[in-house]
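Student: To start, I am sharing the structure in question, which I have written as structure tokens.
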Amino acid sequence: MINILKLDLQTPRLILRPLSHEDIDISIEMFTDPLVCQFVCDVMCEDEISEAMTKWVKRGAGGRIGIWCITRSGSGEKIGSVFILPMPYHEDDTNYDHVVMDRMPPDKVELGFCLKRSAWGLGYATEASKRLVKFAFEKTSLNQLVASFCEENTPSIRVLEKCGFRDRGRMYCYGQDSPCYRITREEWKAIT
């Protein structure tokens, strides 16, 4: 069995902490906003978000796999979320059956992030993502992280590139042929 460890993570401007049911407010703010959802998911109603929170707060691998709420250090303002979760292949969303407390997911693990609109363009996505990549390679047995975004979502692609991810062509995920970005543990070590 994998031991649970301290999961609150800090950066110069941010605190990342495991998502909880109390974070329904930031989830509603993000996932009812059509611009935020444009490249992430369909716009959701509050009831759908409330129902989804049960799976979104689920953690695996001793807490190492899951979603973190991003808050600003000084004010505690919730600005978004960042995650490492099993990459879905045939489904259009994460298969939370693969998020199991005492083991790592069986296949590829992806990095992802989502911020409320007022937090865009301020470097928060890069800062939070870099911290989670560091956590993944220092505190888990993962040898790589993958990510996939719509080709039109150039701001998210730039975030991945700033974190050391490189374009690896295409992969099948989310039920379709998609761009593949990846960083290995060795590549991460070379840039830190």
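Labels for the structure tokens follow display order: chains A, B, ..., residues from 1 in each chain, ligands from 1.
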Can you list, as an NGL selection string, every protein, DNA or RNA residue that comes within 9 Å of A:Lys78 when you count only C-alpha atoms, leaving out same-chain residues fewer than 5 positions away?

Tutor: :A and (23 or 25-26 or 69-72 or 116)

Student: Need the shell around stretch 132-144 of chain A: protein/DNA/RNA residues with any atom at most 7 Å away, counting only C-alpha atoms. Skip same-chain ones fewer than 6 positions apart. Format as a PyMOL selection string?

Tutor: chain A and resi 64+182-185

Student: Counting only C-alpha atoms, which of A:Pro179, A:Gly66, A:Pro88, A:Gly121 gets nearest to A:Ile157?

Tutor: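 Using only C-alpha atoms, the shortest distance to A:Ile157 belongs to A:Pro179.
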
Student: Near stretch 100-110 of chain A, within 6 Å and counting only C-alpha atoms, which residues show up once chain neighbours fewer than 6 positions away are dropped, as a PDB file with N, CA, C and O atoms, in the first residue's frame?

Tutor:
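File selection_39.pdb, as written:
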```
ATOM      1  N   MET A   1       0.847  -1.192   0.000  1.00  0.00           N
ATOM      2  CA  MET A   1       0.000   0.000   0.000  1.00  0.00           C
ATOM      3  C   MET A   1       0.885   1.246   0.000  1.00  0.00           C
ATOM      4  O   MET A   1       1.922   1.296   0.642  1.00  0.00           O
ATOM      5  N   ILE A   2       0.472   2.270  -0.751  1.00  0.00           N
ATOM      6  CA  ILE A   2       1.228   3.513  -0.851  1.00  0.00           C
ATOM      7  C   ILE A   2       0.850   4.409   0.318  1.00  0.00           C
ATOM      8  O   ILE A   2      -0.315   4.576   0.645  1.00  0.00           O
ATOM      9  N   GLY A  60      -6.092   9.041  -5.940  1.00  0.00           N
ATOM     10  CA  GLY A  60      -5.479   7.735  -6.110  1.00  0.00           C
ATOM     11  C   GLY A  60      -4.022   7.744  -5.708  1.00  0.00           C
ATOM     12  O   GLY A  60      -3.436   8.799  -5.444  1.00  0.00           O
ATOM     13  N   ALA A  61      -3.443   6.570  -5.669  1.00  0.00           N
ATOM     14  CA  ALA A  61      -2.014   6.396  -5.411  1.00  0.00           C
ATOM     15  C   ALA A  61      -1.563   7.130  -4.153  1.00  0.00           C
ATOM     16  O   ALA A  61      -0.616   7.901  -4.167  1.00  0.00           O
ATOM     17  N   GLY A  62      -2.267   6.912  -3.061  1.00  0.00           N
ATOM     18  CA  GLY A  62      -1.910   7.559  -1.805  1.00  0.00           C
ATOM     19  C   GLY A  62      -2.126   9.065  -1.833  1.00  0.00           C
ATOM     20  O   GLY A  62      -1.496   9.797  -1.077  1.00  0.00           O
ATOM     21  N   ILE A  84      -3.282  15.717 -12.213  1.00  0.00           N
ATOM     22  CA  ILE A  84      -2.664  14.567 -12.861  1.00  0.00           C
ATOM     23  C   ILE A  84      -3.645  13.416 -12.658  1.00  0.00           C
ATOM     24  O   ILE A  84      -3.972  13.048 -11.533  1.00  0.00           O
ATOM     25  N   LEU A  85      -4.140  12.900 -13.779  1.00  0.00           N
ATOM     26  CA  LEU A  85      -5.186  11.882 -13.789  1.00  0.00           C
ATOM     27  C   LEU A  85      -4.928  10.891 -14.923  1.00  0.00           C
ATOM     28  O   LEU A  85      -4.201  11.214 -15.875  1.00  0.00           O
ATOM     29  N   PRO A  86      -5.550   9.710 -14.858  1.00  0.00           N
ATOM     30  CA  PRO A  86      -5.398   8.750 -15.951  1.00  0.00           C
ATOM     31  C   PRO A  86      -5.901   9.341 -17.268  1.00  0.00           C
ATOM     32  O   PRO A  86      -6.967   9.953 -17.313  1.00  0.00           O
ATOM     33  N   MET A  87      -5.108   9.181 -18.323  1.00  0.00           N
ATOM     34  CA  MET A  87      -5.520   9.650 -19.652  1.00  0.00           C
ATOM     35  C   MET A  87      -6.641   8.754 -20.174  1.00  0.00           C
ATOM     36  O   MET A  87      -6.478   7.536 -20.214  1.00  0.00           O
ATOM     37  N   LEU A 145       4.729  12.150 -18.234  1.00  0.00           N
ATOM     38  CA  LEU A 145       3.394  12.743 -18.199  1.00  0.00           C
ATOM     39  C   LEU A 145       3.034  13.093 -19.630  1.00  0.00           C
ATOM     40  O   LEU A 145       3.902  13.499 -20.412  1.00  0.00           O
ATOM     41  N   VAL A 146       1.769  12.951 -19.966  1.00  0.00           N
ATOM     42  CA  VAL A 146       1.293  13.316 -21.294  1.00  0.00           C
ATOM     43  C   VAL A 146       0.222  14.394 -21.154  1.00  0.00           C
ATOM     44  O   VAL A 146      -0.322  14.622 -20.068  1.00  0.00           O
ATOM     45  N   ALA A 147      -0.071  15.045 -22.256  1.00  0.00           N
ATOM     46  CA  ALA A 147      -1.142  16.031 -22.295  1.00  0.00           C
ATOM     47  C   ALA A 147      -1.630  16.132 -23.724  1.00  0.00           C
ATOM     48  O   ALA A 147      -0.881  15.884 -24.672  1.00  0.00           O
TER      49      ALA A 147
END
```

Student: Among chain A, which ones does DSSP place in alpha helix (DSSP H), written as an MDAnalysis selection string?

Tutor: chainID A and resid 24:31 34:37 46:56 124:139 154:162 185:191

Student: Just checking: using only C-alpha atoms, which residue out of A:Met53, A:Cys37, A:Leu14, A:Ala190 ends up closest to A:Arg117?

Tutor: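 The shortest atom-to-atom distance to A:Arg117 comes from A:Cys37.
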
Student: Pick from A:Thr192, A:Ser50, A:Thr126, A:Asn95: nearest to A:Ile24, with only C-alpha atoms counted?

Tutor: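 Of the candidates, the smallest distance to A:Ile24 is held by A:Ser50.
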
Student: Could you pull the residues within 8 Å of A:Phe113, counting only C-alpha atoms, minus those fewer than 5 positions along the same chain, as an mmCIF file with N, CA and C atoms, in the first residue's frame?

Tutor:
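Contents of the output file out38.cif:
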```cif
data_model
loop_
_atom_site.group_PDB
_atom_site.id
_atom_site.type_symbol
_atom_site.label_atom_id
_atom_site.label_comp_id
_atom_site.auth_asym_id
_atom_site.auth_seq_id
_atom_site.Cartn_x
_atom_site.Cartn_y
_atom_site.Cartn_z
ATOM 1 N N GLY A 80 -8.610 28.319 -9.965
ATOM 2 C CA GLY A 80 -8.711 27.238 -10.932
ATOM 3 C C GLY A 80 -8.319 25.903 -10.351
ATOM 4 N N SER A 81 -7.949 25.002 -11.254
ATOM 5 C CA SER A 81 -7.531 23.667 -10.835
ATOM 6 C C SER A 81 -6.457 23.150 -11.782
ATOM 7 N N VAL A 82 -5.678 22.206 -11.271
ATOM 8 C CA VAL A 82 -4.636 21.534 -12.035
ATOM 9 C C VAL A 82 -4.680 20.070 -11.617
ATOM 10 N N PHE A 83 -4.369 19.175 -12.535
ATOM 11 C CA PHE A 83 -4.522 17.759 -12.180
ATOM 12 C C PHE A 83 -3.491 16.872 -12.843
ATOM 13 N N ALA A 125 -1.263 29.421 -14.799
ATOM 14 C CA ALA A 125 -1.337 28.045 -15.313
ATOM 15 C C ALA A 125 0.053 27.435 -15.418
ATOM 16 N N SER A 129 1.269 24.370 -13.093
ATOM 17 C CA SER A 129 1.611 23.149 -13.834
ATOM 18 C C SER A 129 3.046 22.727 -13.586
#
```

Student: Go through A:Val99, A:Ile49, A:Ile79, A:Ile15 and flag the residue nearest A:Ala119, using only C-alpha atoms for the distances.

Tutor: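 Nearest to A:Ala119: A:Ile79.
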
Student: Quick one: pick out all strand (DSSP E) residues within stretch 7-92 of chain A from a backbone DSSP run and write them as a PDB file with N, CA and C atoms, in the first residue's frame.

Tutor:
```pdb
ATOM      1  N   LEU A   9       0.822  21.981  -1.987  1.00  0.00           N
ATOM      2  CA  LEU A   9       2.021  22.363  -2.719  1.00  0.00           C
ATOM      3  C   LEU A   9       2.050  23.882  -2.845  1.00  0.00           C
ATOM      4  N   GLN A  10       3.248  24.456  -2.799  1.00  0.00           N
ATOM      5  CA  GLN A  10       3.365  25.908  -2.871  1.00  0.00           C
ATOM      6  C   GLN A  10       4.273  26.338  -4.017  1.00  0.00           C
ATOM      7  N   LEU A  14       1.266  30.894  -5.387  1.00  0.00           N
ATOM      8  CA  LEU A  14       0.102  30.017  -5.342  1.00  0.00           C
ATOM      9  C   LEU A  14       0.215  28.938  -4.275  1.00  0.00           C
ATOM     10  N   ILE A  15      -0.936  28.445  -3.863  1.00  0.00           N
ATOM     11  CA  ILE A  15      -1.035  27.229  -3.052  1.00  0.00           C
ATOM     12  C   ILE A  15      -1.933  26.271  -3.827  1.00  0.00           C
ATOM     13  N   LEU A  16      -1.448  25.060  -4.006  1.00  0.00           N
ATOM     14  CA  LEU A  16      -2.226  23.998  -4.635  1.00  0.00           C
ATOM     15  C   LEU A  16      -2.584  23.024  -3.526  1.00  0.00           C
ATOM     16  N   ARG A  17      -3.875  22.739  -3.371  1.00  0.00           N
ATOM     17  CA  ARG A  17      -4.306  21.799  -2.341  1.00  0.00           C
ATOM     18  C   ARG A  17      -5.343  20.867  -2.944  1.00  0.00           C
ATOM     19  N   PRO A  18      -5.449  19.643  -2.426  1.00  0.00           N
ATOM     20  CA  PRO A  18      -6.404  18.704  -2.999  1.00  0.00           C
ATOM     21  C   PRO A  18      -7.811  19.301  -3.075  1.00  0.00           C
ATOM     22  N   GLY A  66      -4.859  12.994  -8.780  1.00  0.00           N
ATOM     23  CA  GLY A  66      -6.098  13.704  -8.512  1.00  0.00           C
ATOM     24  C   GLY A  66      -6.056  15.134  -9.001  1.00  0.00           C
ATOM     25  N   ILE A  67      -6.991  15.920  -8.481  1.00  0.00           N
ATOM     26  CA  ILE A  67      -7.137  17.327  -8.861  1.00  0.00           C
ATOM     27  C   ILE A  67      -6.762  18.190  -7.666  1.00  0.00           C
ATOM     28  N   TRP A  68      -6.027  19.255  -7.924  1.00  0.00           N
ATOM     29  CA  TRP A  68      -5.671  20.243  -6.912  1.00  0.00           C
ATOM     30  C   TRP A  68      -6.392  21.553  -7.228  1.00  0.00           C
ATOM     31  N   CYS A  69      -6.905  22.211  -6.209  1.00  0.00           N
ATOM     32  CA  CYS A  69      -7.480  23.545  -6.336  1.00  0.00           C
ATOM     33  C   CYS A  69      -6.322  24.545  -6.279  1.00  0.00           C
ATOM     34  N   ILE A  70      -6.324  25.507  -7.165  1.00  0.00           N
ATOM     35  CA  ILE A  70      -5.280  26.537  -7.193  1.00  0.00           C
ATOM     36  C   ILE A  70      -5.824  27.777  -6.489  1.00  0.00           C
ATOM     37  N   THR A  71      -5.099  28.248  -5.477  1.00  0.00           N
ATOM     38  CA  THR A  71      -5.483  29.477  -4.779  1.00  0.00           C
ATOM     39  C   THR A  71      -4.301  30.443  -4.782  1.00  0.00           C
ATOM     40  N   ARG A  72      -4.613  31.727  -4.725  1.00  0.00           N
ATOM     41  CA  ARG A  72      -3.571  32.747  -4.629  1.00  0.00           C
ATOM     42  C   ARG A  72      -3.078  32.795  -3.182  1.00  0.00           C
ATOM     43  N   LYS A  78      -9.636  31.470  -4.915  1.00  0.00           N
ATOM     44  CA  LYS A  78      -9.593  30.287  -5.766  1.00  0.00           C
ATOM     45  C   LYS A  78      -9.605  30.746  -7.217  1.00  0.00           C
ATOM     46  N   ILE A  79      -8.631  30.249  -7.997  1.00  0.00           N
ATOM     47  CA  ILE A  79      -8.545  30.709  -9.381  1.00  0.00           C
ATOM     48  C   ILE A  79      -8.643  29.580 -10.400  1.00  0.00           C
ATOM     49  N   GLY A  80      -8.610  28.319  -9.965  1.00  0.00           N
ATOM     50  CA  GLY A  80      -8.711  27.238 -10.932  1.00  0.00           C
ATOM     51  C   GLY A  80      -8.319  25.903 -10.351  1.00  0.00           C
ATOM     52  N   SER A  81      -7.949  25.002 -11.254  1.00  0.00           N
ATOM     53  CA  SER A  81      -7.531  23.667 -10.835  1.00  0.00           C
ATOM     54  C   SER A  81      -6.457  23.150 -11.782  1.00  0.00           C
ATOM     55  N   VAL A  82      -5.678  22.206 -11.271  1.00  0.00           N
ATOM     56  CA  VAL A  82      -4.636  21.534 -12.035  1.00  0.00           C
ATOM     57  C   VAL A  82      -4.680  20.070 -11.617  1.00  0.00           C
ATOM     58  N   PHE A  83      -4.369  19.175 -12.535  1.00  0.00           N
ATOM     59  CA  PHE A  83      -4.522  17.759 -12.180  1.00  0.00           C
ATOM     60  C   PHE A  83      -3.491  16.872 -12.843  1.00  0.00           C
ATOM     61  N   ILE A  84      -3.282  15.717 -12.213  1.00  0.00           N
ATOM     62  CA  ILE A  84      -2.664  14.567 -12.861  1.00  0.00           C
ATOM     63  C   ILE A  84      -3.645  13.416 -12.658  1.00  0.00           C
ATOM     64  N   LEU A  85      -4.140  12.900 -13.779  1.00  0.00           N
ATOM     65  CA  LEU A  85      -5.186  11.882 -13.789  1.00  0.00           C
ATOM     66  C   LEU A  85      -4.928  10.891 -14.923  1.00  0.00           C
ATOM     67  N   PRO A  86      -5.550   9.710 -14.858  1.00  0.00           N
ATOM     68  CA  PRO A  86      -5.398   8.750 -15.951  1.00  0.00           C
ATOM     69  C   PRO A  86      -5.901   9.341 -17.268  1.00  0.00           C
TER      70      PRO A  86
END
```

Student: Suppose you want the space between atom CA of A:Cys150 and atom CA of A:Met171; what is it in Å?

Tutor: 12.4 Å

Student: Would you compute the distance between atom CA of A:Ala52 and atom CA of A:Cys114? Give it in Å to one decimal.

Tutor: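 A separation of 15.7 Å between them.
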
Student: Here is a test: counting only C-alpha atoms, which residue of A:Leu7, A:Leu122, A:Leu160, A:Ile28 is nearest to A:Glu51?

Tutor: A:Ile28

Student: Using only C-alpha atoms, which of the listed residues (A:Trp56, A:Trp188, A:Tyr174, A:Phe39) sits closest to A:Arg131?

Tutor: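 Closest candidate: A:Trp188.
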
Student: Find the residues near A:Gln38: any atom within 12 Å, counting only C-alpha atoms, skip ones fewer than 4 places away on the same chain, and give them as a VMD selection string.

Tutor: chain A and resid 30 to 34 42 to 44 114 117 149 to 150 152 to 153

Student: For the residues in the current selection, export all heavy atoms as a JSON list (two decimals), in the first residue's frame.

Tutor:
```json
[["chain", "number", "residue", "atom", "x", "y", "z"],
["A", 30, "MET", "N", -16.06, 28.16, -13.13],
["A", 30, "MET", "CA", -15.36, 27.77, -14.35],
["A", 30, "MET", "C", -16.27, 27.05, -15.34],
["A", 30, "MET", "O", -16.32, 27.40, -16.52],
["A", 30, "MET", "CB", -14.16, 26.88, -14.02],
["A", 30, "MET", "CG", -13.04, 27.60, -13.33],
["A", 30, "MET", "SD", -11.52, 26.62, -13.16],
["A", 30, "MET", "CE", -12.07, 25.20, -12.20],
["A", 31, "PHE", "N", -17.00, 26.05, -14.87],
["A", 31, "PHE", "CA", -17.67, 25.15, -15.80],
["A", 31, "PHE", "C", -19.07, 25.59, -16.23],
["A", 31, "PHE", "O", -19.74, 24.89, -16.97],
["A", 31, "PHE", "CB", -17.66, 23.72, -15.25],
["A", 31, "PHE", "CG", -16.25, 23.23, -15.04],
["A", 31, "PHE", "CD1", -15.82, 22.80, -13.80],
["A", 31, "PHE", "CD2", -15.34, 23.22, -16.08],
["A", 31, "PHE", "CE1", -14.52, 22.37, -13.60],
["A", 31, "PHE", "CE2", -14.03, 22.80, -15.90],
["A", 31, "PHE", "CZ", -13.62, 22.37, -14.65],
["A", 32, "THR", "N", -19.50, 26.77, -15.78],
["A", 32, "THR", "CA", -20.71, 27.39, -16.33],
["A", 32, "THR", "C", -20.35, 28.52, -17.28],
["A", 32, "THR", "O", -21.24, 29.14, -17.86],
["A", 32, "THR", "CB", -21.62, 27.93, -15.20],
["A", 32, "THR", "OG1", -20.90, 28.91, -14.43],
["A", 32, "THR", "CG2", -22.13, 26.82, -14.31],
["A", 33, "ASP", "N", -19.06, 28.79, -17.45],
["A", 33, "ASP", "CA", -18.58, 29.87, -18.31],
["A", 33, "ASP", "C", -18.24, 29.30, -19.69],
["A", 33, "ASP", "O", -17.30, 28.51, -19.82],
["A", 33, "ASP", "CB", -17.35, 30.52, -17.68],
["A", 33, "ASP", "CG", -16.82, 31.71, -18.47],
["A", 33, "ASP", "OD1", -17.00, 31.76, -19.71],
["A", 33, "ASP", "OD2", -16.21, 32.59, -17.84],
["A", 34, "PRO", "N", -18.97, 29.68, -20.73],
["A", 34, "PRO", "CA", -18.72, 29.12, -22.07],
["A", 34, "PRO", "C", -17.30, 29.36, -22.58],
["A", 34, "PRO", "O", -16.74, 28.51, -23.26],
["A", 34, "PRO", "CB", -19.74, 29.84, -22.96],
["A", 34, "PRO", "CG", -20.81, 30.30, -22.03],
["A", 34, "PRO", "CD", -20.14, 30.58, -20.72],
["A", 42, "ASP", "N", -18.15, 20.48, -22.28],
["A", 42, "ASP", "CA", -19.42, 21.17, -22.50],
["A", 42, "ASP", "C", -19.73, 22.01, -21.27],
["A", 42, "ASP", "O", -19.37, 21.64, -20.14],
["A", 42, "ASP", "CB", -20.56, 20.17, -22.72],
["A", 42, "ASP", "CG", -20.41, 19.41, -24.04],
["A", 42, "ASP", "OD1", -19.80, 19.96, -24.98],
["A", 42, "ASP", "OD2", -20.89, 18.27, -24.11],
["A", 43, "VAL", "N", -20.40, 23.14, -21.47],
["A", 43, "VAL", "CA", -20.86, 23.95, -20.34],
["A", 43, "VAL", "C", -21.78, 23.08, -19.50],
["A", 43, "VAL", "O", -22.60, 22.32, -20.01],
["A", 43, "VAL", "CB", -21.60, 25.20, -20.85],
["A", 43, "VAL", "CG1", -22.20, 25.98, -19.69],
["A", 43, "VAL", "CG2", -20.64, 26.09, -21.63],
["A", 44, "MET", "N", -21.63, 23.19, -18.18],
["A", 44, "MET", "CA", -22.41, 22.37, -17.26],
["A", 44, "MET", "C", -23.33, 23.25, -16.44],
["A", 44, "MET", "O", -23.04, 24.43, -16.22],
["A", 44, "MET", "CB", -21.46, 21.61, -16.32],
["A", 44, "MET", "CG", -20.49, 20.70, -17.04],
["A", 44, "MET", "SD", -19.22, 19.99, -15.94],
["A", 44, "MET", "CE", -20.21, 18.77, -15.07],
["A", 114, "CYS", "N", -7.15, 24.20, -15.60],
["A", 114, "CYS", "CA", -8.26, 25.04, -16.00],
["A", 114, "CYS", "C", -8.30, 26.24, -15.04],
["A", 114, "CYS", "O", -8.19, 26.04, -13.83],
["A", 114, "CYS", "CB", -9.58, 24.26, -15.93],
["A", 114, "CYS", "SG", -10.99, 25.15, -16.61],
["A", 117, "ARG", "N", -11.70, 32.82, -15.91],
["A", 117, "ARG", "CA", -11.31, 33.79, -16.93],
["A", 117, "ARG", "C", -10.48, 34.95, -16.37],
["A", 117, "ARG", "O", -9.52, 35.40, -17.01],
["A", 117, "ARG", "CB", -12.56, 34.34, -17.62],
["A", 117, "ARG", "CG", -12.26, 34.83, -18.98],
["A", 117, "ARG", "CD", -13.43, 35.38, -19.73],
["A", 117, "ARG", "NE", -14.71, 34.75, -19.48],
["A", 117, "ARG", "CZ", -15.85, 35.26, -19.88],
["A", 117, "ARG", "NH1", -15.88, 36.40, -20.55],
["A", 117, "ARG", "NH2", -16.99, 34.65, -19.64],
["A", 149, "PHE", "N", -4.29, 18.78, -26.09],
["A", 149, "PHE", "CA", -5.15, 19.96, -26.18],
["A", 149, "PHE", "C", -5.56, 20.16, -27.62],
["A", 149, "PHE", "O", -4.87, 19.72, -28.54],
["A", 149, "PHE", "CB", -4.42, 21.21, -25.67],
["A", 149, "PHE", "CG", -4.22, 21.20, -24.18],
["A", 149, "PHE", "CD1", -3.10, 20.65, -23.61],
["A", 149, "PHE", "CD2", -5.18, 21.75, -23.35],
["A", 149, "PHE", "CE1", -2.92, 20.64, -22.24],
["A", 149, "PHE", "CE2", -5.02, 21.74, -21.98],
["A", 149, "PHE", "CZ", -3.89, 21.19, -21.42],
["A", 150, "CYS", "N", -6.67, 20.84, -27.83],
["A", 150, "CYS", "CA", -7.10, 21.21, -29.18],
["A", 150, "CYS", "C", -6.01, 22.05, -29.83],
["A", 150, "CYS", "O", -5.42, 22.91, -29.17],
["A", 150, "CYS", "CB", -8.39, 22.02, -29.14],
["A", 150, "CYS", "SG", -9.79, 21.14, -28.47],
["A", 152, "GLU", "N", -6.28, 24.50, -31.64],
["A", 152, "GLU", "CA", -6.62, 25.92, -31.60],
["A", 152, "GLU", "C", -6.32, 26.55, -30.24],
["A", 152, "GLU", "O", -6.33, 27.77, -30.11],
["A", 152, "GLU", "CB", -8.11, 26.13, -31.91],
["A", 152, "GLU", "CG", -8.55, 25.59, -33.26],
["A", 152, "GLU", "CD", -8.89, 24.10, -33.21],
["A", 152, "GLU", "OE1", -9.26, 23.57, -32.14],
["A", 152, "GLU", "OE2", -8.75, 23.44, -34.27],
["A", 153, "ASN", "N", -6.07, 25.74, -29.24],
["A", 153, "ASN", "CA", -5.85, 26.24, -27.88],
["A", 153, "ASN", "C", -4.37, 26.57, -27.68],
["A", 153, "ASN", "O", -3.67, 25.96, -26.88],
["A", 153, "ASN", "CB", -6.34, 25.22, -26.86],
["A", 153, "ASN", "CG", -6.38, 25.77, -25.45],
["A", 153, "ASN", "OD1", -5.94, 26.88, -25.19],
["A", 153, "ASN", "ND2", -6.89, 24.97, -24.54]]
```

Student: How many Å separate atom CA of A:Val57 from atom CA of A:Glu91?

Tutor: 19.3 Å
